[in-house]
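Trainee: One structure, as structure tokens, below. Some questions next.
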2 protein chains.
Amino acid sequence: MKLLTLTRDLHRRKARERLGLFVAEGIRTAEELLRSELSVEGALIAPSLAADPRGAALRDTLDLRKVPIQEVSESELASAADTESPQGVLIVARAPDRQLAGLAIRGTARLLVLDGLQDPGNVGTIVRTAAAFGVEATLSLPGTVDQWNAKVVRSAMGALFRHPVISATWDDLDEFLRRTKAEFWGTDGGGDPVDDNLVIPPVLALAVGNEGAGLSEPCRTRVKRLIGIPLTQGVESLNVAVATGIILHRLRS
Amino acid sequence: MKLLTLTRDLHRRKARERLGLFVAEGIRTAEELLRSELSVEGALIAPSLAADPRGAALRDTLDLRKVPIQEVSESELASAADTESPQGVLIVARAPDRQLAGLAIRGTARLLVLDGLQDPGNVGTIVRTAAAFGVEATLSLPGTVDQWNAKVVRSAMGALFRHPVISATWDDLDEFLRRTKAEFWGTDGGGDPVDDNLVIPPVLALAVGNEGAGLSEPCRTRVKRLIGIPLTQGVESLNVAVATGIILHRLRS
């Protein structure tokens, strides 16, 4: 299949899952991808890439690594891009096959559980934060936006290529919690305050819920404890990526 | 002027500044706006609004308050909307006239200074966080995206209607710092770690910089101290809204 057609096709989650491929857009994300261990399958390039010095260097790297390239017009690139500024480059890469059963936990560890998060920007930002604070892995539970969605990939700023985000069912999670003896907590505005008095178990999996609805029922029945951030006034709330950042900062192992 | 034409015109920052008006999109933002003290000038409504129970209730409130309404088609509404899902309603409201010279500081206070932030989603999320953590006011310095940009308004989730965001020049800031004896700090990845040992002055203005470039030169020459969040590995960085959230949480007065 022509690369342009393939790239357009990869807008659909079903196509990404069937083919095990995803698209990275823009120069910085492409650079991060090439620095990672992920397998790069091909690149769509428009003339504007060469106008940027970093873009020209990126093109050299792609040539050096013999990545298959299809040259397209700016409008063809735009037709295959998800974001508004793909900066002249779209890269097709192979999504790593990460299984929860293969995740080994030794010593102290933090895991993040995404329970129905829908906004790709939030999920990408949260993955970036999890990677920055040494979280072992992020588990993506049913109802969460696909981690290989182009906007998630972009917002994660390369973190997705190094930090393992693993899709899991509730049964997978139960099995994982049994096997690793991880304690399972959830975040909720009304939970115990995240302050200096919080005693944190050595192996902790922390769930964050949907932007509007919070934690799901299957999640609430499983968590041992709820924690949250007290706010100055009852009427305000925090963005879920900001709240997760504050809590992960506090939980740093 | 017809409301539809006016609303389309308010996409441009220049038009917003000239008219002193802005547009709020979507049901939740409209609800927050109607709960605030801001003056509502008119509403564009498409048939889809009535399909949502909260939308129907919103329409009743608008009618009760005798807000001028123009009924438009879904495609007309879309032509005037900035976001992808305006949910059948766009509201034109008057931007409050907030001046730094009028800002009084008593006792302990935190102020946030936005130094060239460009992403509307980040700025809206930061304003929401500042409001939630009791920040006195947010100052928007040159180079920062307009606070009344539709995406900023949407991401702030109503916080912009209560929390004062004040546009200021560097001269305004100098005058403000002199008058209030506020200490001026900046955030930087390499700054002193934000931890329990940090001694925080009673009146503190904290600057956060551009997503890519960080603090500007005029800002760096003015700050007395840089603070930052140590990360697990040197290669990672945090999203600016997440980093600001973690620091504001630590600085809570």
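In the structure tokens, chains take letters A, B, ... by order of appearance, with residues numbered from 1 within each chain and ligands from 1 in the order shown.
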Residues of chain A were defined as contacting chain B if any atom lay at most 6 Å from it, counting only C-alpha atoms; please report them as number ranges by chain.
Mentor: A: 129, 132-134, 231-232, 236, 238, 242, 245-246
Trainee: What would the file look like if the residues just selected were written as a PDB file, in the first residue's frame with N, CA and C atoms?
Mentor:
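What ended up in out.pdb:
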```pdb
ATOM      1  N   THR A 129       4.215  13.163  32.148  1.00  0.00           N
ATOM      2  CA  THR A 129       4.469  13.387  33.572  1.00  0.00           C
ATOM      3  C   THR A 129       4.885  12.089  34.257  1.00  0.00           C
ATOM      4  N   ALA A 132       8.402  11.385  33.527  1.00  0.00           N
ATOM      5  CA  ALA A 132       9.311  12.326  34.199  1.00  0.00           C
ATOM      6  C   ALA A 132       9.470  12.012  35.687  1.00  0.00           C
ATOM      7  N   PHE A 133       8.460  11.398  36.297  1.00  0.00           N
ATOM      8  CA  PHE A 133       8.517  11.111  37.728  1.00  0.00           C
ATOM      9  C   PHE A 133       8.813   9.645  38.018  1.00  0.00           C
ATOM     10  N   GLY A 134       9.309   8.929  37.025  1.00  0.00           N
ATOM     11  CA  GLY A 134       9.772   7.564  37.278  1.00  0.00           C
ATOM     12  C   GLY A 134       8.693   6.539  37.533  1.00  0.00           C
ATOM     13  N   LEU A 231      -8.853  21.782  47.723  1.00  0.00           N
ATOM     14  CA  LEU A 231      -8.791  23.043  46.979  1.00  0.00           C
ATOM     15  C   LEU A 231      -9.246  24.192  47.867  1.00  0.00           C
ATOM     16  N   THR A 232      -8.821  25.398  47.499  1.00  0.00           N
ATOM     17  CA  THR A 232      -9.098  26.588  48.295  1.00  0.00           C
ATOM     18  C   THR A 232     -10.592  26.820  48.472  1.00  0.00           C
ATOM     19  N   GLU A 236     -14.162  25.132  42.884  1.00  0.00           N
ATOM     20  CA  GLU A 236     -13.194  24.955  41.810  1.00  0.00           C
ATOM     21  C   GLU A 236     -12.847  23.486  41.636  1.00  0.00           C
ATOM     22  N   LEU A 238      -9.671  20.925  39.461  1.00  0.00           N
ATOM     23  CA  LEU A 238      -8.411  20.957  38.715  1.00  0.00           C
ATOM     24  C   LEU A 238      -8.551  20.169  37.427  1.00  0.00           C
ATOM     25  N   VAL A 242      -3.202  18.108  35.547  1.00  0.00           N
ATOM     26  CA  VAL A 242      -2.562  18.887  36.608  1.00  0.00           C
ATOM     27  C   VAL A 242      -2.687  18.142  37.942  1.00  0.00           C
ATOM     28  N   GLY A 245      -0.389  15.263  38.024  1.00  0.00           N
ATOM     29  CA  GLY A 245       0.990  15.730  38.182  1.00  0.00           C
ATOM     30  C   GLY A 245       1.317  16.015  39.635  1.00  0.00           C
ATOM     31  N   ILE A 246       0.424  16.710  40.315  1.00  0.00           N
ATOM     32  CA  ILE A 246       0.650  17.055  41.722  1.00  0.00           C
ATOM     33  C   ILE A 246       0.754  15.784  42.565  1.00  0.00           C
TER      34      ILE A 246
END
```
Trainee: Got a sec: who's within 8 Å of Leu117 in chain A, counting only C-alpha atoms, leaving out chain neighbours fewer than 2 positions off, as a PyMOL selection string?
Mentor: chain A and resi 114-115+119+122-123+143-145+208-211
Trainee: Quote the spacing between CA of Ala150 in chain B and CA of Ser167 in chain B in Å to one decimal place.
Mentor: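 We find that CA of Ala150 in chain B and CA of Ser167 in chain B lie 16.7 Å from each other.
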Trainee: One number please: CA of Gly107 in chain B to CA of Thr221 in chain B, in Å, one decimal.
Mentor: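 Between CA of Gly107 in chain B and CA of Thr221 in chain B the gap is 26.6 Å.
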Trainee: So which residues touch range 85-101 of chain B within 9 Å, counting only C-alpha atoms, skipping near sequence neighbours fewer than 6 positions away, as JSON, numbers by chain?
Mentor: {"B": [3, 6, 7, 10, 16, 17, 19, 20, 21, 22, 23, 24, 25, 26, 27, 30, 33, 38, 39, 40, 41, 42, 43, 44, 45, 46, 47, 48, 49, 50, 52, 55, 74, 77, 78, 139, 148, 161, 164, 165, 166, 167, 168, 172, 173, 175, 176]}
Trainee: Write a file of the just-selected residues containing C-alpha atoms, as a compact mmCIF listing (two decimals), in the first residue's frame.
Mentor:
```txt
# COMPACT_ATOMS: atom_id res chain seq x y z
CA LEU B 3 -24.94 38.95 16.55
CA LEU B 6 -20.21 40.14 15.60
CA THR B 7 -19.42 36.69 16.98
CA LEU B 10 -14.60 38.31 17.75
CA ARG B 16 -11.99 41.68 20.96
CA GLU B 17 -9.72 44.43 22.23
CA LEU B 19 -14.96 46.12 21.39
CA GLY B 20 -14.09 44.85 24.87
CA LEU B 21 -16.08 41.67 24.17
CA PHE B 22 -15.34 37.96 24.01
CA VAL B 23 -17.14 34.71 23.15
CA ALA B 24 -17.83 31.77 25.46
CA GLU B 25 -18.59 28.43 23.78
CA GLY B 26 -20.41 25.38 25.05
CA ILE B 27 -22.95 24.66 27.77
CA ALA B 30 -22.04 29.40 29.37
CA LEU B 33 -20.56 32.75 32.73
CA LEU B 38 -19.73 39.47 33.98
CA SER B 39 -22.17 41.23 31.68
CA VAL B 40 -23.74 38.99 29.01
CA GLU B 41 -24.47 40.84 25.77
CA GLY B 42 -26.10 38.23 23.60
CA ALA B 43 -26.35 34.56 22.63
CA LEU B 44 -26.29 32.58 19.40
CA ILE B 45 -28.35 29.43 19.68
CA ALA B 46 -28.71 26.46 17.35
CA PRO B 47 -31.49 23.83 17.51
CA SER B 48 -29.13 21.20 19.06
CA LEU B 49 -29.04 23.15 22.34
CA ALA B 50 -32.59 22.11 23.19
CA ASP B 52 -29.59 18.51 25.90
CA GLY B 55 -28.97 23.14 27.26
CA GLU B 74 -25.99 24.43 13.15
CA LEU B 77 -23.12 28.38 14.62
CA ALA B 78 -20.17 26.25 13.51
CA LEU B 139 -0.57 38.85 35.25
CA TRP B 148 -10.13 36.01 25.88
CA PHE B 161 -14.91 34.75 35.01
CA PRO B 164 -8.56 38.20 37.71
CA VAL B 165 -6.17 37.84 34.76
CA ILE B 166 -4.61 41.25 34.14
CA SER B 167 -2.65 42.29 31.04
CA ALA B 168 0.51 44.18 31.99
CA ASP B 172 3.53 47.94 34.94
CA LEU B 173 5.09 44.93 36.65
CA GLU B 175 5.70 49.55 39.37
CA PHE B 176 3.57 46.81 40.95
```
Trainee: Please give the complete set of residues from range 28-216 of chain B that DSSP, run on the backbone, assigns to strand (DSSP E), formatted as a ChimeraX atom specification.
Mentor: /B:40-45,69-71,89-94,109-115,137-140,165-167,183-193,203-209
Trainee: Kindly export the residues of the current selection with N, CA and C atoms, as a compact mmCIF listing (two decimals), in the first residue's frame.
Mentor:
```txt
# COMPACT_ATOMS: atom_id res chain seq x y z
N VAL B 40 -23.46 39.79 30.21
CA VAL B 40 -23.74 38.99 29.01
C VAL B 40 -24.47 39.86 27.99
N GLU B 41 -23.94 39.91 26.76
CA GLU B 41 -24.47 40.84 25.77
C GLU B 41 -25.40 40.18 24.76
N GLY B 42 -25.25 38.88 24.57
CA GLY B 42 -26.10 38.23 23.60
C GLY B 42 -25.73 36.76 23.45
N ALA B 43 -26.62 35.98 22.81
CA ALA B 43 -26.35 34.56 22.63
C ALA B 43 -26.78 34.10 21.25
N LEU B 44 -25.93 33.27 20.63
CA LEU B 44 -26.29 32.58 19.40
C LEU B 44 -26.71 31.17 19.78
N ILE B 45 -27.85 30.75 19.28
CA ILE B 45 -28.35 29.43 19.68
C ILE B 45 -28.77 28.62 18.45
N ILE B 69 -31.13 37.12 21.93
CA ILE B 69 -30.79 35.82 21.34
C ILE B 69 -31.00 35.87 19.83
N GLN B 70 -30.03 35.30 19.09
CA GLN B 70 -30.24 35.08 17.65
C GLN B 70 -30.25 33.59 17.39
N GLU B 71 -31.33 33.10 16.81
CA GLU B 71 -31.41 31.67 16.48
C GLU B 71 -30.71 31.46 15.15
N VAL B 89 -24.42 26.52 21.47
CA VAL B 89 -24.51 27.84 22.10
C VAL B 89 -23.17 28.60 22.11
N LEU B 90 -23.25 29.86 21.70
CA LEU B 90 -22.12 30.80 21.80
C LEU B 90 -22.66 32.04 22.51
N ILE B 91 -21.95 32.51 23.52
CA ILE B 91 -22.40 33.68 24.26
C ILE B 91 -21.38 34.80 24.13
N VAL B 92 -21.86 35.99 23.81
CA VAL B 92 -20.99 37.16 23.75
C VAL B 92 -21.11 37.89 25.09
N ALA B 93 -19.95 38.15 25.71
CA ALA B 93 -19.96 38.82 27.02
C ALA B 93 -18.91 39.92 27.04
N ARG B 94 -19.04 40.81 28.01
CA ARG B 94 -18.12 41.94 28.13
C ARG B 94 -16.92 41.53 28.99
N ALA B 109 0.20 36.79 50.00
CA ALA B 109 -0.42 36.68 48.67
C ALA B 109 0.52 36.01 47.68
N ARG B 110 -0.08 35.29 46.75
CA ARG B 110 0.64 34.69 45.63
C ARG B 110 0.10 35.29 44.35
N LEU B 111 1.02 35.66 43.47
CA LEU B 111 0.61 36.13 42.15
C LEU B 111 1.33 35.31 41.10
N LEU B 112 0.67 35.09 39.99
CA LEU B 112 1.28 34.32 38.92
C LEU B 112 1.53 35.25 37.74
N VAL B 113 2.70 35.11 37.11
CA VAL B 113 3.06 35.97 35.98
C VAL B 113 3.27 35.07 34.75
N LEU B 114 2.49 35.29 33.71
CA LEU B 114 2.62 34.50 32.48
C LEU B 114 3.54 35.25 31.52
N ASP B 115 4.70 34.66 31.25
CA ASP B 115 5.74 35.32 30.45
C ASP B 115 5.86 34.65 29.08
N ALA B 137 -4.05 36.98 41.78
CA ALA B 137 -4.29 37.43 40.41
C ALA B 137 -3.22 36.83 39.51
N THR B 138 -3.52 36.73 38.21
CA THR B 138 -2.56 36.28 37.22
C THR B 138 -2.25 37.45 36.29
N LEU B 139 -0.97 37.75 36.12
CA LEU B 139 -0.57 38.85 35.25
C LEU B 139 -0.13 38.28 33.90
N SER B 140 -0.65 38.84 32.83
CA SER B 140 -0.33 38.35 31.49
C SER B 140 0.61 39.35 30.82
N VAL B 165 -7.35 37.92 35.62
CA VAL B 165 -6.17 37.84 34.76
C VAL B 165 -5.98 39.24 34.19
N ILE B 166 -4.82 39.84 34.45
CA ILE B 166 -4.61 41.25 34.14
C ILE B 166 -3.46 41.38 33.15
N SER B 167 -3.71 42.03 32.01
CA SER B 167 -2.65 42.29 31.04
C SER B 167 -1.74 43.39 31.58
N GLU B 183 8.08 39.88 46.25
CA GLU B 183 9.32 39.31 45.74
C GLU B 183 8.99 38.65 44.39
N PHE B 184 9.93 38.71 43.44
CA PHE B 184 9.67 38.19 42.10
C PHE B 184 10.59 37.01 41.81
N TRP B 185 9.98 35.84 41.63
CA TRP B 185 10.73 34.62 41.33
C TRP B 185 10.30 34.10 39.96
N GLY B 186 11.16 33.22 39.41
CA GLY B 186 10.82 32.58 38.15
C GLY B 186 10.95 31.07 38.26
N THR B 187 10.31 30.35 37.33
CA THR B 187 10.44 28.89 37.31
C THR B 187 11.38 28.50 36.17
N ASP B 188 12.20 27.50 36.46
CA ASP B 188 13.19 27.02 35.48
C ASP B 188 13.60 25.62 35.91
N GLY B 189 13.70 24.72 34.93
CA GLY B 189 14.06 23.33 35.24
C GLY B 189 15.31 23.22 36.12
N GLY B 190 16.24 24.15 35.94
CA GLY B 190 17.48 24.10 36.72
C GLY B 190 17.43 24.92 38.00
N GLY B 191 16.28 25.45 38.38
CA GLY B 191 16.17 26.29 39.58
C GLY B 191 16.25 25.50 40.88
N ASP B 192 16.26 26.21 42.00
CA ASP B 192 16.28 25.54 43.32
C ASP B 192 15.08 24.61 43.43
N PRO B 193 15.31 23.40 43.96
CA PRO B 193 14.20 22.44 44.00
C PRO B 193 13.02 22.90 44.85
N VAL B 203 4.69 37.83 50.25
CA VAL B 203 4.07 38.27 48.98
C VAL B 203 5.02 37.87 47.84
N LEU B 204 4.57 36.93 47.05
CA LEU B 204 5.42 36.36 46.00
C LEU B 204 4.73 36.42 44.64
N ALA B 205 5.44 36.97 43.66
CA ALA B 205 4.98 36.90 42.26
C ALA B 205 5.88 35.89 41.56
N LEU B 206 5.28 34.88 40.94
CA LEU B 206 6.04 33.80 40.31
C LEU B 206 5.81 33.79 38.81
N ALA B 207 6.91 33.85 38.05
CA ALA B 207 6.80 33.85 36.59
C ALA B 207 6.97 32.45 36.01
N VAL B 208 6.12 32.10 35.03
CA VAL B 208 6.32 30.88 34.25
C VAL B 208 6.50 31.30 32.79
N GLY B 209 7.40 30.59 32.10
CA GLY B 209 7.81 31.03 30.77
C GLY B 209 7.19 30.25 29.63
```
Trainee: At what distance in Å, to one decimal, does CA of Leu177 in chain A lie from CA of Lys224 in chain A?
Mentor: 11.8 Å
